[in-house]
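The file target.tsv comes next; it holds TSV, C-alpha atoms and all ligand atoms.
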chain	number	residue	atom	x	y	z
C	1	MET	CA	11.13	-6.99	-13.80
C	2	ARG	CA	9.37	-4.12	-12.09
C	3	LYS	CA	11.47	-1.24	-10.80
C	4	LYS	CA	12.10	-1.20	-7.03
C	5	LEU	CA	10.58	1.87	-5.41
C	6	VAL	CA	11.50	3.04	-1.91
C	7	VAL	CA	9.39	5.82	-0.39
C	8	GLY	CA	10.08	7.53	2.92
C	9	ASN	CA	7.17	8.59	5.12
C	10	TRP	CA	8.48	11.20	7.53
C	11	LYS	CA	5.14	11.26	9.36
C	12	MET	CA	4.87	14.33	11.64
C	13	ASN	CA	8.61	14.69	12.08
C	14	GLY	CA	11.16	17.23	10.97
C	15	GLY	CA	12.04	20.88	11.17
C	16	LEU	CA	13.64	23.25	8.69
C	17	ALA	CA	17.18	22.67	9.96
C	18	THR	CA	17.02	18.87	10.31
C	19	ASN	CA	15.18	18.54	6.99
C	20	ALA	CA	17.87	20.57	5.23
C	21	LYS	CA	20.55	18.17	6.46
C	22	LEU	CA	18.54	15.08	5.62
C	23	LEU	CA	17.56	16.27	2.13
C	24	HIS	CA	21.12	17.36	1.42
C	25	ALA	CA	22.45	13.96	2.51
C	26	LEU	CA	19.91	12.15	0.35
C	27	ALA	CA	20.53	14.32	-2.70
C	28	GLY	CA	24.28	13.87	-2.33
C	29	GLY	CA	24.24	10.21	-1.33
C	30	TRP	CA	21.69	8.75	-3.73
C	31	ASP	CA	23.41	6.95	-6.48
C	32	ALA	CA	20.69	6.84	-9.15
C	33	ARG	CA	20.70	3.54	-10.93
C	34	ALA	CA	18.51	1.66	-13.33
C	35	GLY	CA	15.67	-0.27	-11.75
C	36	ARG	CA	15.59	1.78	-8.54
C	37	ALA	CA	13.56	4.84	-7.57
C	38	LEU	CA	13.55	6.89	-4.38
C	39	ALA	CA	11.03	9.35	-2.93
C	40	VAL	CA	10.18	11.10	0.33
C	41	CYS	CA	6.72	12.06	1.59
C	42	VAL	CA	7.08	15.03	3.90
C	43	PRO	CA	4.69	17.09	6.08
C	44	PHE	CA	2.75	19.70	4.08
C	45	PRO	CA	4.67	22.79	5.31
C	46	TYR	CA	7.94	21.32	4.09
C	47	LEU	CA	6.86	20.56	0.52
C	48	GLY	CA	8.47	23.75	-0.77
C	49	GLN	CA	11.69	22.90	1.03
C	50	ALA	CA	11.70	19.37	-0.39
C	51	GLN	CA	10.97	20.74	-3.85
C	52	ALA	CA	13.86	23.23	-3.66
C	53	ALA	CA	16.29	20.62	-2.33
C	54	LEU	CA	15.37	17.76	-4.66
C	55	MET	CA	14.53	19.55	-7.90
C	56	GLY	CA	17.03	18.46	-10.53
C	57	THR	CA	17.83	15.20	-8.69
C	58	THR	CA	16.27	11.81	-9.43
C	59	ILE	CA	14.63	11.74	-5.98
C	60	ARG	CA	10.90	12.48	-6.02
C	61	TRP	CA	8.81	13.96	-3.24
C	62	GLY	CA	5.22	13.87	-2.12
C	63	ALA	CA	2.71	14.33	0.69
C	64	GLN	CA	1.23	12.03	3.31
C	65	ASN	CA	-2.43	12.82	2.74
C	66	ALA	CA	-4.76	14.82	0.48
C	67	SER	CA	-8.35	15.93	0.60
C	68	GLU	CA	-10.95	14.06	-1.39
C	69	HIS	CA	-12.41	17.48	-2.29
C	70	ALA	CA	-11.15	19.78	-5.02
C	71	ALA	CA	-11.62	23.11	-3.17
C	72	GLY	CA	-13.96	24.90	-0.79
C	73	ALA	CA	-14.96	25.16	2.85
C	74	TYR	CA	-12.81	22.36	4.28
C	75	THR	CA	-10.78	24.12	6.96
C	76	GLY	CA	-7.42	22.51	7.57
C	77	GLU	CA	-7.54	20.31	4.48
C	78	VAL	CA	-5.13	20.36	1.52
C	79	ALA	CA	-6.28	19.68	-2.05
C	80	ALA	CA	-4.35	17.41	-4.39
C	81	SER	CA	-4.11	20.26	-6.93
C	82	MET	CA	-2.16	22.24	-4.28
C	83	LEU	CA	0.26	19.34	-3.92
C	84	ALA	CA	0.73	19.37	-7.69
C	85	GLU	CA	1.76	23.02	-7.50
C	86	PHE	CA	4.66	21.98	-5.26
C	87	GLY	CA	5.85	19.40	-7.77
C	88	CYS	CA	4.66	16.42	-5.73
C	89	HIS	CA	4.80	13.13	-7.53
C	90	TYR	CA	3.13	11.05	-4.78
C	91	ALA	CA	0.50	11.37	-2.08
C	92	ILE	CA	0.01	8.62	0.49
C	93	VAL	CA	-3.66	7.83	1.13
C	94	GLY	CA	-5.19	5.56	3.73
C	95	HIS	CA	-2.17	5.18	5.99
C	96	SER	CA	-3.26	3.09	8.97
C	97	GLU	CA	-2.53	5.99	11.32
C	98	ARG	CA	-5.15	8.02	9.45
C	99	ARG	CA	-7.60	5.15	9.23
C	100	GLN	CA	-7.30	4.56	12.99
C	101	ARG	CA	-6.77	8.00	14.50
C	102	TYR	CA	-8.87	10.05	12.09
C	103	ARG	CA	-11.42	7.35	11.33
C	104	GLU	CA	-10.88	7.47	7.58
C	105	SER	CA	-13.19	4.95	5.96
C	106	ASP	CA	-12.48	2.77	2.92
C	107	ALA	CA	-14.78	5.05	0.91
C	108	GLU	CA	-12.92	8.21	1.98
C	109	VAL	CA	-9.56	6.65	1.21
C	110	ALA	CA	-10.84	5.62	-2.22
C	111	ALA	CA	-12.15	9.15	-2.87
C	112	LYS	CA	-8.77	10.57	-1.86
C	113	ALA	CA	-6.97	8.19	-4.23
C	114	SER	CA	-9.28	9.34	-7.00
C	115	ALA	CA	-8.68	13.04	-6.24
C	116	VAL	CA	-4.91	12.52	-6.17
C	117	LEU	CA	-4.94	10.76	-9.50
C	118	ALA	CA	-7.19	13.44	-11.02
C	119	ALA	CA	-4.61	16.07	-10.00
C	120	GLY	CA	-1.93	14.20	-11.94
C	121	LEU	CA	-0.18	12.65	-8.93
C	122	THR	CA	0.34	9.01	-8.05
C	123	PRO	CA	-1.61	7.85	-5.00
C	124	ILE	CA	0.16	5.40	-2.70
C	125	ALA	CA	-2.83	3.55	-1.28
C	126	CYS	CA	-2.10	1.78	2.01
C	127	VAL	CA	-3.81	-1.41	3.10
C	128	GLY	CA	-3.12	-3.61	6.11
C	129	GLU	CA	-4.61	-5.62	8.92
C	130	THR	CA	-4.38	-5.12	12.68
C	131	LEU	CA	-2.95	-7.81	14.94
C	132	ALA	CA	-6.45	-8.78	16.07
C	133	GLU	CA	-7.57	-9.15	12.45
C	134	ARG	CA	-4.51	-11.27	11.62
C	135	GLU	CA	-5.09	-13.49	14.64
C	136	ALA	CA	-8.72	-13.90	13.62
C	137	GLY	CA	-7.57	-15.12	10.19
C	138	ALA	CA	-9.05	-12.05	8.49
C	139	THR	CA	-5.89	-10.65	6.83
C	140	GLU	CA	-6.93	-11.44	3.25
C	141	ALA	CA	-10.48	-10.26	3.73
C	142	VAL	CA	-9.35	-6.96	5.25
C	143	VAL	CA	-6.70	-6.06	2.68
C	144	LEU	CA	-8.93	-7.06	-0.24
C	145	ARG	CA	-11.83	-5.03	1.15
C	146	GLN	CA	-9.53	-2.01	1.42
C	147	LEU	CA	-8.05	-2.56	-2.05
C	148	ASP	CA	-11.42	-3.20	-3.68
C	149	ALA	CA	-12.75	0.15	-2.48
C	150	VAL	CA	-9.87	1.93	-4.22
C	151	LEU	CA	-10.15	-0.20	-7.37
C	152	LEU	CA	-13.84	0.57	-7.61
C	153	ALA	CA	-13.24	4.31	-7.32
C	154	LEU	CA	-10.37	4.36	-9.81
C	155	SER	CA	-11.77	1.76	-12.21
C	156	GLY	CA	-9.74	1.89	-15.45
C	157	ALA	CA	-7.23	4.36	-13.96
C	158	ALA	CA	-6.00	1.96	-11.25
C	159	LYS	CA	-2.82	1.33	-13.26
C	160	GLY	CA	-1.67	4.79	-12.17
C	161	MET	CA	-1.44	4.00	-8.46
C	162	VAL	CA	0.98	2.37	-6.07
C	163	VAL	CA	-0.25	0.02	-3.34
C	164	ALA	CA	1.52	-0.37	0.00
C	165	TYR	CA	0.83	-3.39	2.20
C	166	GLU	CA	1.49	-2.25	5.75
C	167	PRO	CA	0.45	-4.69	8.47
C	168	VAL	CA	-0.57	-2.40	11.31
C	169	TRP	CA	1.17	-4.61	13.88
C	170	ALA	CA	4.50	-4.05	12.10
C	171	ILE	CA	4.39	-0.25	11.85
C	172	GLY	CA	6.82	1.49	14.17
C	173	THR	CA	6.97	-1.59	16.40
C	174	GLY	CA	10.25	-3.09	15.24
C	175	LYS	CA	8.29	-6.23	14.23
C	176	THR	CA	8.61	-6.91	10.52
C	177	ALA	CA	6.48	-9.44	8.70
C	178	ARG	CA	8.67	-12.38	7.68
C	179	PRO	CA	9.47	-12.05	3.97
C	180	GLU	CA	7.37	-15.08	3.08
C	181	GLU	CA	4.49	-13.82	5.24
C	182	ALA	CA	4.56	-10.47	3.42
C	183	GLN	CA	4.90	-12.22	0.05
C	184	ALA	CA	1.77	-14.29	0.72
C	185	VAL	CA	-0.30	-11.13	1.20
C	186	HIS	CA	1.37	-9.44	-1.77
C	187	ALA	CA	0.48	-12.43	-3.97
C	188	THR	CA	-3.16	-12.06	-2.93
C	189	LEU	CA	-3.08	-8.35	-3.72
C	190	ARG	CA	-1.31	-8.98	-7.03
C	191	ALA	CA	-3.95	-11.49	-8.08
C	192	ARG	CA	-6.69	-8.95	-7.39
C	193	LEU	CA	-4.80	-6.21	-9.25
C	194	GLU	CA	-4.25	-8.54	-12.22
C	195	ALA	CA	-7.94	-9.37	-12.30
C	196	SER	CA	-8.60	-5.62	-12.48
C	197	GLY	CA	-6.17	-5.08	-15.34
C	198	ALA	CA	-3.63	-3.38	-13.05
C	199	GLY	CA	-1.21	-6.25	-12.46
C	200	ASP	CA	1.88	-4.09	-12.89
C	201	VAL	CA	1.03	-1.66	-10.11
C	202	PRO	CA	4.04	-1.43	-7.76
C	203	LEU	CA	3.32	-3.26	-4.49
C	204	LEU	CA	5.37	-1.87	-1.60
C	205	TYR	CA	5.81	-3.46	1.81
C	206	GLY	CA	5.86	-1.26	4.90
C	207	GLY	CA	6.44	-2.01	8.56
C	208	SER	CA	9.78	-1.60	10.35
C	209	VAL	CA	11.84	-1.94	7.17
C	210	LYS	CA	15.54	-1.35	7.90
C	211	GLY	CA	18.83	-1.62	6.06
C	212	ASP	CA	19.34	-5.13	7.40
C	213	ASN	CA	15.97	-6.65	6.47
C	214	ALA	CA	15.22	-4.89	3.18
C	215	ALA	CA	17.14	-7.23	0.87
C	216	ALA	CA	15.25	-10.33	2.06
C	217	LEU	CA	11.93	-8.56	1.56
C	218	PHE	CA	12.92	-7.23	-1.87
C	219	ALA	CA	13.92	-10.73	-2.96
C	220	GLN	CA	10.26	-11.77	-2.82
C	221	LYS	CA	8.53	-12.05	-6.17
C	222	ASP	CA	5.72	-9.59	-5.50
C	223	ILE	CA	7.50	-7.08	-3.26
C	224	ASP	CA	8.43	-4.12	-5.44
C	225	GLY	CA	9.92	-1.89	-2.78
C	226	ALA	CA	9.10	-0.35	0.57
C	227	LEU	CA	7.25	2.41	2.34
C	228	VAL	CA	9.58	3.37	5.17
C	229	GLY	CA	8.67	5.33	8.28
C	230	GLY	CA	11.20	5.66	11.11
C	231	ALA	CA	14.24	4.59	9.10
C	232	SER	CA	13.57	7.25	6.46
C	233	LEU	CA	14.60	9.94	8.95
C	234	GLN	CA	18.21	8.73	8.91
C	235	ALA	CA	19.91	9.29	5.58
C	236	ASN	CA	22.35	6.38	5.88
C	237	GLU	CA	19.69	3.88	6.90
C	238	PHE	CA	17.25	5.07	4.23
C	239	LEU	CA	19.91	4.93	1.52
C	240	ALA	CA	20.91	1.46	2.69
C	241	ILE	CA	17.32	0.31	2.25
C	242	ALA	CA	17.10	1.93	-1.18
C	243	GLY	CA	20.29	0.21	-2.25
C	244	ALA	CA	19.41	-3.21	-0.79
E	301	LIG	C1	4.99	3.81	7.91
E	301	LIG	O1	4.71	4.70	8.68
E	301	LIG	O2	4.47	3.81	6.78
E	301	LIG	C2	5.93	2.77	8.35
E	301	LIG	C3	6.08	1.72	7.61
E	301	LIG	O3	6.60	3.02	9.53
E	301	LIG	P1	7.88	2.21	10.10
E	301	LIG	O4	8.82	1.96	8.96
E	301	LIG	O5	8.45	3.11	11.13
E	301	LIG	O6	7.34	0.94	10.67
Do you think you could lay out the structure here as structure tokens?
Amino acid sequence: MRKKLVVGNWKMNGGLATNAKLLHALAGGWDARAGRALAVCVPFPYLGQAQAALMGTTIRWGAQNASEHAAGAYTGEVAASMLAEFGCHYAIVGHSERRQRYRESDAEVAAKASAVLAAGLTPIACVGETLAEREAGATEAVVLRQLDAVLLALSGAAKGMVVAYEPVWAIGTGKTARPEEAQAVHATLRARLEASGAGDVPLLYGGSVKGDNAAALFAQKDIDGALVGGASLQANEFLAIAGA
């Protein structure tokens, strides 16, 4: 059985004092056990703080984005090699908030995944449909289009990524996909990954995951863990999800 992986996405939240408390509570409260892994993806300025607080624990840390470029005149951007210098294990790419608000295309997301992998980190590539796309019956087509772009860019290296299925209508809304609804999409993604020789890539579900709905989601055959937004800002709730 694949290991269950739970990754927190703090989004643009936090501050030195609140982070210190949260990281301390996670480091002290996480009961490392076989078959479970925990990580937090924090805003760029707090990577050093996360590194200092989590170094020597079994909790990994990462970023929420990375440039597709290696270096140069890209004001405001952060290269994957810089993330590596802060000990990052993961970088999220293609989160729906970035696809929607910053107009990141499938091709850009794929290039970012490639850059992250080239820097020795694991990209967490997000895919997911909007409510309108779901209602139009386009869920499969959308998530496969998004996944295919990444698979094409990574080709033989796709085994080194993580994929997160995050239906846009479930992110930060309190609406979670029913476990069997999420499983159906995960099965579609798994089939595509298997066909590309990357069938063992961890497939996370994201969208209003909480301590009280995580176990039912994790019981699904192709759900290997969760990408958690809001609930990752509360140590108890996040640890409850990780232990579910
Ligand atoms: C996310 O931002 O990746 C996410 C899943 O958010 P939330 O858990 O708050 O829905």
Write as a ChimeraX atom specification the residues around ligand LIG 301 (chain E), taking 8 Å as the cut-off and counting all atoms listed in the file. /C:8-11,95,97,166,170-174,176,205-210,226-232
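Shortest separation to C:Leu151 among C:Gly94, C:Pro202, C:Gly197, C:Gly14 occurs at residue C:Gly197, atoms counted being all atoms listed in the file.
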Tell me which protein, DNA and RNA residues are within 10 Å of stretch 36-53 of chain C, counting all atoms listed in the file, leaving out same-chain ones fewer than 4 positions away, and put them as an MDAnalysis selection string. chainID C and resid 2:16 19:20 22:24 26:27 30:32 57:66 78 83 85:92 224:229 232:233 238:239 242:244
So how many Å separate atom CA of C:Ala164 and atom CA of C:Val127, to one decimal?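 Calculated distance between atom CA of C:Ala164 and atom CA of C:Val127 is 6.3 Å.
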Using all atoms listed in the file, find the one residue out of C:Glu140, C:Gly211, C:Gln220, C:Ala153 that sits nearest to C:Arg192.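 Nearest candidate to C:Arg192 out of C:Glu140, C:Gly211, C:Gln220, C:Ala153: C:Glu140.
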For atom CA of C:Ala34 and atom CA of C:Ala177, the interatomic separation in Å (one decimal): 27.4 Å
Atomic distance atom CA of C:Val93 - atom CA of C:Ala113, expressed in Å with one decimal: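 Separating atom CA of C:Val93 from atom CA of C:Ala113 is a distance of 6.3 Å.
Using all atoms listed in the file, the smallest distance between any of C:Asp106, C:Glu133, C:Glu180, C:Asp200 and C:Arg145 comes from C:Asp106.
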Which neighbours of C:Leu193 fall inside 9 Å, counting all atoms listed in the file, when residues of the same chain fewer than 6 positions from it are skipped, and could you give them as a list of chain:residue names? C:Leu147, C:Leu151, C:Ala158, C:Lys159, C:Gly199, C:Asp200, C:Val201
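With distances taken over all atoms listed in the file, C:Val168 is the one residue among C:Met55, C:Ala111, C:Val168, C:Met161 lying closest to C:Arg99.
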Under the rule that only C-alpha atoms are counted, which of C:Ser81, C:Gln234, C:Thr188, C:Ser196 is the nearest residue to C:Thr18?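 That would be C:Gln234, the residue with the smallest distance to C:Thr18.
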Could you give me the centre and size, in Å to one decimal, of an axis-aligned box around all listed atoms of stretch 62-73 of chain C with 8 Å added on every side, as AutoDock Vina command-line options?
--center_x -4.9 --center_y 18.6 --center_z -0.9 --size_x 36.2 --size_y 29.1 --size_z 24.3
Pick from C:Ala119, C:Leu131, C:Ala195, C:Val185, whichever lies nearest to C:Gly156 using all atoms listed in the file: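 Using all atoms listed in the file, C:Gly156 sits closest to C:Ala195.
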Got a sec: who's within 10 Å of C:Gln183, counting all atoms listed in the file, leaving out chain neighbours fewer than 4 positions off, as a PyMOL selection string? chain C and resi 165+177-179+187-190+205+217-223
